[in-house]
>>> print(open('entry-v3.pdb').read())   # PDB, C-alpha atoms
ATOM      1  CA  GLY A   1       4.580 -14.401 -15.050  1.00  0.00           C
ATOM      2  CA  PRO A   2       3.915 -11.473 -12.722  1.00  0.00           C
ATOM      3  CA  ALA A   3       2.071  -9.489 -15.410  1.00  0.00           C
ATOM      4  CA  ALA A   4      -0.387 -12.328 -16.001  1.00  0.00           C
ATOM      5  CA  ALA A   5      -0.925 -12.756 -12.252  1.00  0.00           C
ATOM      6  CA  TRP A   6      -1.497  -9.011 -11.888  1.00  0.00           C
ATOM      7  CA  TYR A   7      -3.989  -9.065 -14.763  1.00  0.00           C
ATOM      8  CA  ARG A   8      -5.860 -12.021 -13.233  1.00  0.00           C
ATOM      9  CA  ALA A   9      -5.965 -10.296  -9.858  1.00  0.00           C
ATOM     10  CA  HIS A  10      -7.411  -7.105 -11.373  1.00  0.00           C
ATOM     11  CA  ALA A  11      -9.900  -9.052 -13.495  1.00  0.00           C
ATOM     12  CA  ASP A  12     -11.183 -11.058 -10.508  1.00  0.00           C
ATOM     13  CA  PRO A  13     -14.489  -9.554  -9.312  1.00  0.00           C
ATOM     14  CA  VAL A  14     -13.588  -9.827  -5.626  1.00  0.00           C
ATOM     15  CA  VAL A  15      -9.849  -9.168  -5.663  1.00  0.00           C
ATOM     16  CA  GLY A  16     -10.015  -6.560  -8.424  1.00  0.00           C
ATOM     17  CA  GLY A  17     -12.627  -4.665  -6.448  1.00  0.00           C
ATOM     18  CA  ALA A  18     -10.511  -4.855  -3.293  1.00  0.00           C
ATOM     19  CA  LEU A  19      -7.404  -3.616  -5.154  1.00  0.00           C
ATOM     20  CA  ARG A  20      -9.335  -0.647  -6.582  1.00  0.00           C
ATOM     21  CA  LEU A  21     -10.636   0.227  -3.104  1.00  0.00           C
ATOM     22  CA  LEU A  22      -7.117   0.142  -1.643  1.00  0.00           C
ATOM     23  CA  HIS A  23      -5.632   2.151  -4.531  1.00  0.00           C
ATOM     24  CA  ASN A  24      -8.384   4.788  -4.537  1.00  0.00           C
ATOM     25  CA  ASN A  25      -8.576   5.118  -0.737  1.00  0.00           C
ATOM     26  CA  ILE A  26      -4.958   4.666   0.291  1.00  0.00           C
ATOM     27  CA  ASP A  27      -5.394   6.933   3.316  1.00  0.00           C
ATOM     28  CA  ARG A  28      -8.314   4.984   4.808  1.00  0.00           C
ATOM     29  CA  ASP A  29      -7.658   3.002   7.975  1.00  0.00           C
ATOM     30  CA  TRP A  30      -8.444  -0.359   6.359  1.00  0.00           C
ATOM     31  CA  THR A  31      -8.971  -3.660   8.119  1.00  0.00           C
ATOM     32  CA  VAL A  32      -9.432  -6.991   6.354  1.00  0.00           C
ATOM     33  CA  ALA A  33     -12.991  -7.036   7.738  1.00  0.00           C
ATOM     34  CA  GLU A  34     -13.845  -3.647   6.181  1.00  0.00           C
ATOM     35  CA  LEU A  35     -12.255  -4.559   2.880  1.00  0.00           C
ATOM     36  CA  ALA A  36     -14.093  -7.899   2.778  1.00  0.00           C
ATOM     37  CA  SER A  37     -17.375  -6.202   3.629  1.00  0.00           C
ATOM     38  CA  ALA A  38     -16.849  -3.622   0.859  1.00  0.00           C
ATOM     39  CA  ALA A  39     -15.996  -6.448  -1.566  1.00  0.00           C
ATOM     40  CA  GLY A  40     -19.095  -8.392  -0.490  1.00  0.00           C
ATOM     41  CA  VAL A  41     -17.343 -11.522   0.812  1.00  0.00           C
ATOM     42  CA  SER A  42     -16.200 -12.987   4.114  1.00  0.00           C
ATOM     43  CA  ARG A  43     -12.816 -12.147   5.582  1.00  0.00           C
ATOM     44  CA  ALA A  44     -11.617 -15.710   4.980  1.00  0.00           C
ATOM     45  CA  VAL A  45     -12.654 -15.671   1.302  1.00  0.00           C
ATOM     46  CA  LEU A  46     -11.083 -12.280   0.690  1.00  0.00           C
ATOM     47  CA  ALA A  47      -7.825 -13.200   2.457  1.00  0.00           C
ATOM     48  CA  ARG A  48      -7.535 -16.506   0.584  1.00  0.00           C
ATOM     49  CA  ARG A  49      -8.401 -15.182  -2.888  1.00  0.00           C
ATOM     50  CA  PHE A  50      -6.333 -12.050  -2.472  1.00  0.00           C
ATOM     51  CA  THR A  51      -3.280 -14.018  -1.320  1.00  0.00           C
ATOM     52  CA  ASP A  52      -3.741 -16.584  -4.115  1.00  0.00           C
ATOM     53  CA  LEU A  53      -4.014 -13.970  -6.863  1.00  0.00           C
ATOM     54  CA  VAL A  54      -1.787 -11.143  -5.603  1.00  0.00           C
ATOM     55  CA  GLY A  55       0.824 -13.284  -3.866  1.00  0.00           C
ATOM     56  CA  GLN A  56       0.523 -11.679  -0.429  1.00  0.00           C
ATOM     57  CA  PRO A  57      -2.244 -10.971   2.102  1.00  0.00           C
ATOM     58  CA  PRO A  58      -4.266  -7.741   1.757  1.00  0.00           C
ATOM     59  CA  MET A  59      -2.672  -5.814   4.642  1.00  0.00           C
ATOM     60  CA  LYS A  60       0.863  -6.759   3.581  1.00  0.00           C
ATOM     61  CA  TYR A  61       0.002  -5.607   0.050  1.00  0.00           C
ATOM     62  CA  LEU A  62      -1.419  -2.340   1.424  1.00  0.00           C
ATOM     63  CA  ALA A  63       1.760  -1.651   3.409  1.00  0.00           C
ATOM     64  CA  GLY A  64       3.834  -2.166   0.260  1.00  0.00           C
ATOM     65  CA  TRP A  65       1.524   0.035  -1.826  1.00  0.00           C
ATOM     66  CA  ARG A  66       1.625   2.793   0.805  1.00  0.00           C
ATOM     67  CA  THR A  67       5.415   2.756   0.969  1.00  0.00           C
ATOM     68  CA  SER A  68       5.651   2.785  -2.855  1.00  0.00           C
ATOM     69  CA  VAL A  69       3.474   5.886  -3.057  1.00  0.00           C
ATOM     70  CA  ALA A  70       5.409   7.441  -0.163  1.00  0.00           C
ATOM     71  CA  ALA A  71       8.699   6.674  -1.947  1.00  0.00           C
ATOM     72  CA  ASP A  72       7.450   8.439  -5.095  1.00  0.00           C
ATOM     73  CA  LEU A  73       6.459  11.488  -3.038  1.00  0.00           C
ATOM     74  CA  LEU A  74       9.760  11.500  -1.122  1.00  0.00           C
ATOM     75  CA  ALA A  75      11.723  11.383  -4.373  1.00  0.00           C
ATOM     76  CA  GLY A  76       9.561  13.688  -6.448  1.00  0.00           C
ATOM     77  CA  SER A  77       8.153  16.326  -4.115  1.00  0.00           C
ATOM     78  CA  ASP A  78       9.196  18.502  -1.218  1.00  0.00           C
ATOM     79  CA  GLN A  79       6.169  17.531   0.884  1.00  0.00           C
ATOM     80  CA  THR A  80       6.968  17.078   4.563  1.00  0.00           C
ATOM     81  CA  LEU A  81       7.130  13.600   6.046  1.00  0.00           C
ATOM     82  CA  ASN A  82       4.048  14.460   8.097  1.00  0.00           C
ATOM     83  CA  SER A  83       2.113  15.419   4.965  1.00  0.00           C
ATOM     84  CA  ILE A  84       3.232  12.280   3.097  1.00  0.00           C
ATOM     85  CA  ALA A  85       2.373  10.076   6.097  1.00  0.00           C
ATOM     86  CA  ARG A  86      -1.181  11.454   6.178  1.00  0.00           C
ATOM     87  CA  HIS A  87      -1.544  11.137   2.408  1.00  0.00           C
ATOM     88  CA  VAL A  88      -0.706   7.424   2.442  1.00  0.00           C
ATOM     89  CA  GLY A  89      -2.718   6.501   5.540  1.00  0.00           C
ATOM     90  CA  TYR A  90      -0.281   6.689   8.439  1.00  0.00           C
ATOM     91  CA  GLY A  91      -1.314   8.854  11.387  1.00  0.00           C
ATOM     92  CA  THR A  92       2.195  10.001  12.207  1.00  0.00           C
ATOM     93  CA  PRO A  93       5.573  10.365  10.505  1.00  0.00           C
ATOM     94  CA  PHE A  94       6.847   7.816  13.038  1.00  0.00           C
ATOM     95  CA  ALA A  95       4.318   5.211  11.872  1.00  0.00           C
ATOM     96  CA  LEU A  96       5.278   5.832   8.232  1.00  0.00           C
ATOM     97  CA  SER A  97       8.985   5.638   9.090  1.00  0.00           C
ATOM     98  CA  ALA A  98       8.544   2.299  10.865  1.00  0.00           C
ATOM     99  CA  ALA A  99       6.578   0.815   7.944  1.00  0.00           C
ATOM    100  CA  PHE A 100       8.947   2.286   5.358  1.00  0.00           C
ATOM    101  CA  LYS A 101      11.982   0.851   7.148  1.00  0.00           C
ATOM    102  CA  ARG A 102      10.293  -2.551   7.407  1.00  0.00           C
ATOM    103  CA  GLU A 103       9.421  -2.587   3.686  1.00  0.00           C
ATOM    104  CA  ARG A 104      12.489  -0.856   2.210  1.00  0.00           C
ATOM    105  CA  GLY A 105      15.259  -1.349   4.752  1.00  0.00           C
ATOM    106  CA  ILE A 106      15.999   2.373   5.073  1.00  0.00           C
ATOM    107  CA  SER A 107      14.247   5.348   6.637  1.00  0.00           C
ATOM    108  CA  PRO A 108      12.210   7.816   4.554  1.00  0.00           C
ATOM    109  CA  SER A 109      14.749  10.582   5.231  1.00  0.00           C
ATOM    110  CA  GLU A 110      17.642   8.355   4.081  1.00  0.00           C
ATOM    111  CA  TYR A 111      15.615   7.435   0.987  1.00  0.00           C
ATOM    112  CA  ARG A 112      14.950  11.106   0.198  1.00  0.00           C
ATOM    113  CA  ARG A 113      18.642  11.970   0.671  1.00  0.00           C
ATOM    114  CA  THR A 114      19.702   9.356  -1.901  1.00  0.00           C
ATOM    115  CA  PHE A 115      17.478  11.107  -4.464  1.00  0.00           C
ATOM    116  CA  ALA A 116      18.537  14.614  -3.441  1.00  0.00           C
ATOM    117  CA  ALA A 117      22.179  13.618  -3.951  1.00  0.00           C
ATOM    118  CA  ARG A 118      21.673  12.737  -7.630  1.00  0.00           C
TER     119      ARG A 118
END
>>> encode(input="entry-v3.pdb", output="structure tokens")
Amino acid sequence: GPAAAWYRAHADPVVGGALRLLHNNIDRDWTVAELASAAGVSRAVLARRFTDLVGQPPMKYLAGWRTSVAADLLAGSDQTLNSIARHVGYGTPFALSAAFKRERGISPSEYRRTFAAR
């Protein structure tokens, strides 16, 4: 199941290393080339192994991870959208909003309002 896949991904020397880099440096302007270089493999190897083990390509995973962290901050803090955007690696609130809408189907401000209303 998903837990086993997640465990295998984290245990893999290449993919596990890439996941740790993304998680620990969420605000870095990553490219597949930089991630592959940091993991010590070619772009093709990283993309293939990452997709095989994680279930999606590295940059798609990163977008999902960024919006998850942003969602937690929107729900659990009163940080501004600008501050959250910078924290999770988007240069502008607009860039975060576009990614958030693509991943979650609603805007960050709508998402925050649903939590504020509870």
>>> residues_near_point(input="entry-v3.pdb", point="(-10.6, -6.6, -2.2)", cutoff="8 Å", atoms="all atoms listed in the file", output="list in words")
Val14, Val15, Gly16, Gly17, Ala18, Leu19, Arg20, Leu21, Leu22, Leu35, Ala36, Ala38, Ala39, Leu46, Phe50 and Pro58 of chain A
>>> closest_residue(input="entry-v3.pdb", among="A:Ala11, A:Ala99, A:Leu74, A:Gly40", to="Tyr111 of chain A", atoms="only C-alpha atoms")
A:Leu74
>>> residues_around(input="entry-v3.pdb", residues="Ala47 of chain A", least_positions_apart="2", cutoff="8 Å", atoms="all atoms listed in the file", output="PDB file with C-alpha atoms, in the coordinates of the input")
ATOM      1  CA  VAL A  32      -9.432  -6.991   6.354  1.00  0.00           C
ATOM      2  CA  ARG A  43     -12.816 -12.147   5.582  1.00  0.00           C
ATOM      3  CA  ALA A  44     -11.617 -15.710   4.980  1.00  0.00           C
ATOM      4  CA  VAL A  45     -12.654 -15.671   1.302  1.00  0.00           C
ATOM      5  CA  ARG A  49      -8.401 -15.182  -2.888  1.00  0.00           C
ATOM      6  CA  PHE A  50      -6.333 -12.050  -2.472  1.00  0.00           C
ATOM      7  CA  THR A  51      -3.280 -14.018  -1.320  1.00  0.00           C
ATOM      8  CA  PRO A  57      -2.244 -10.971   2.102  1.00  0.00           C
ATOM      9  CA  PRO A  58      -4.266  -7.741   1.757  1.00  0.00           C
TER      10      PRO A  58
END
>>> atom_distance(input="entry-v3.pdb", atom1="atom CA of Ser68 of chain A", atom2="atom CA of Pro93 of chain A")
15.4 Å
>>> atom_distance(input="entry-v3.pdb", atom1="atom CA of Leu53 of chain A", atom2="atom CA of Leu96 of chain A")
26.6 Å
>>> closest_residue(input="entry-v3.pdb", among="A:Asn24, A:Thr67, A:Thr92, A:Ser77", to="Ile106 of chain A", atoms="only C-alpha atoms")
A:Thr67
>>> build_atoms(input="entry-v3.pdb", residues="segment 34-48 of chain A", atoms="N, CA and C atoms", output="PDB file, in the coordinates of the input")
ATOM      1  N   GLU A  34     -13.221  -4.734   6.955  1.00  0.00           N
ATOM      2  CA  GLU A  34     -13.845  -3.647   6.181  1.00  0.00           C
ATOM      3  C   GLU A  34     -13.690  -3.872   4.688  1.00  0.00           C
ATOM      4  N   LEU A  35     -12.524  -4.317   4.293  1.00  0.00           N
ATOM      5  CA  LEU A  35     -12.255  -4.559   2.880  1.00  0.00           C
ATOM      6  C   LEU A  35     -13.140  -5.698   2.359  1.00  0.00           C
ATOM      7  N   ALA A  36     -13.252  -6.758   3.155  1.00  0.00           N
ATOM      8  CA  ALA A  36     -14.093  -7.899   2.778  1.00  0.00           C
ATOM      9  C   ALA A  36     -15.553  -7.473   2.666  1.00  0.00           C
ATOM     10  N   SER A  37     -15.996  -6.689   3.634  1.00  0.00           N
ATOM     11  CA  SER A  37     -17.375  -6.202   3.629  1.00  0.00           C
ATOM     12  C   SER A  37     -17.642  -5.351   2.384  1.00  0.00           C
ATOM     13  N   ALA A  38     -16.706  -4.463   2.050  1.00  0.00           N
ATOM     14  CA  ALA A  38     -16.849  -3.622   0.859  1.00  0.00           C
ATOM     15  C   ALA A  38     -16.831  -4.461  -0.418  1.00  0.00           C
ATOM     16  N   ALA A  39     -16.083  -5.569  -0.396  1.00  0.00           N
ATOM     17  CA  ALA A  39     -15.996  -6.448  -1.566  1.00  0.00           C
ATOM     18  C   ALA A  39     -17.141  -7.466  -1.603  1.00  0.00           C
ATOM     19  N   GLY A  40     -17.916  -7.526  -0.522  1.00  0.00           N
ATOM     20  CA  GLY A  40     -19.095  -8.392  -0.490  1.00  0.00           C
ATOM     21  C   GLY A  40     -18.801  -9.856  -0.218  1.00  0.00           C
ATOM     22  N   VAL A  41     -17.687 -10.139   0.476  1.00  0.00           N
ATOM     23  CA  VAL A  41     -17.343 -11.522   0.812  1.00  0.00           C
ATOM     24  C   VAL A  41     -16.891 -11.593   2.269  1.00  0.00           C
ATOM     25  N   SER A  42     -16.700 -12.812   2.747  1.00  0.00           N
ATOM     26  CA  SER A  42     -16.200 -12.987   4.114  1.00  0.00           C
ATOM     27  C   SER A  42     -14.715 -12.652   4.173  1.00  0.00           C
ATOM     28  N   ARG A  43     -14.244 -12.417   5.392  1.00  0.00           N
ATOM     29  CA  ARG A  43     -12.816 -12.147   5.582  1.00  0.00           C
ATOM     30  C   ARG A  43     -11.968 -13.300   5.070  1.00  0.00           C
ATOM     31  N   ALA A  44     -12.396 -14.524   5.380  1.00  0.00           N
ATOM     32  CA  ALA A  44     -11.617 -15.710   4.980  1.00  0.00           C
ATOM     33  C   ALA A  44     -11.516 -15.813   3.459  1.00  0.00           C
ATOM     34  N   VAL A  45     -12.646 -15.589   2.770  1.00  0.00           N
ATOM     35  CA  VAL A  45     -12.654 -15.671   1.302  1.00  0.00           C
ATOM     36  C   VAL A  45     -11.759 -14.580   0.718  1.00  0.00           C
ATOM     37  N   LEU A  46     -11.909 -13.365   1.219  1.00  0.00           N
ATOM     38  CA  LEU A  46     -11.083 -12.280   0.690  1.00  0.00           C
ATOM     39  C   LEU A  46      -9.594 -12.579   0.917  1.00  0.00           C
ATOM     40  N   ALA A  47      -9.239 -12.953   2.136  1.00  0.00           N
ATOM     41  CA  ALA A  47      -7.825 -13.200   2.457  1.00  0.00           C
ATOM     42  C   ALA A  47      -7.253 -14.301   1.570  1.00  0.00           C
ATOM     43  N   ARG A  48      -8.028 -15.371   1.380  1.00  0.00           N
ATOM     44  CA  ARG A  48      -7.535 -16.506   0.584  1.00  0.00           C
ATOM     45  C   ARG A  48      -7.394 -16.126  -0.889  1.00  0.00           C
TER      46      ARG A  48
END
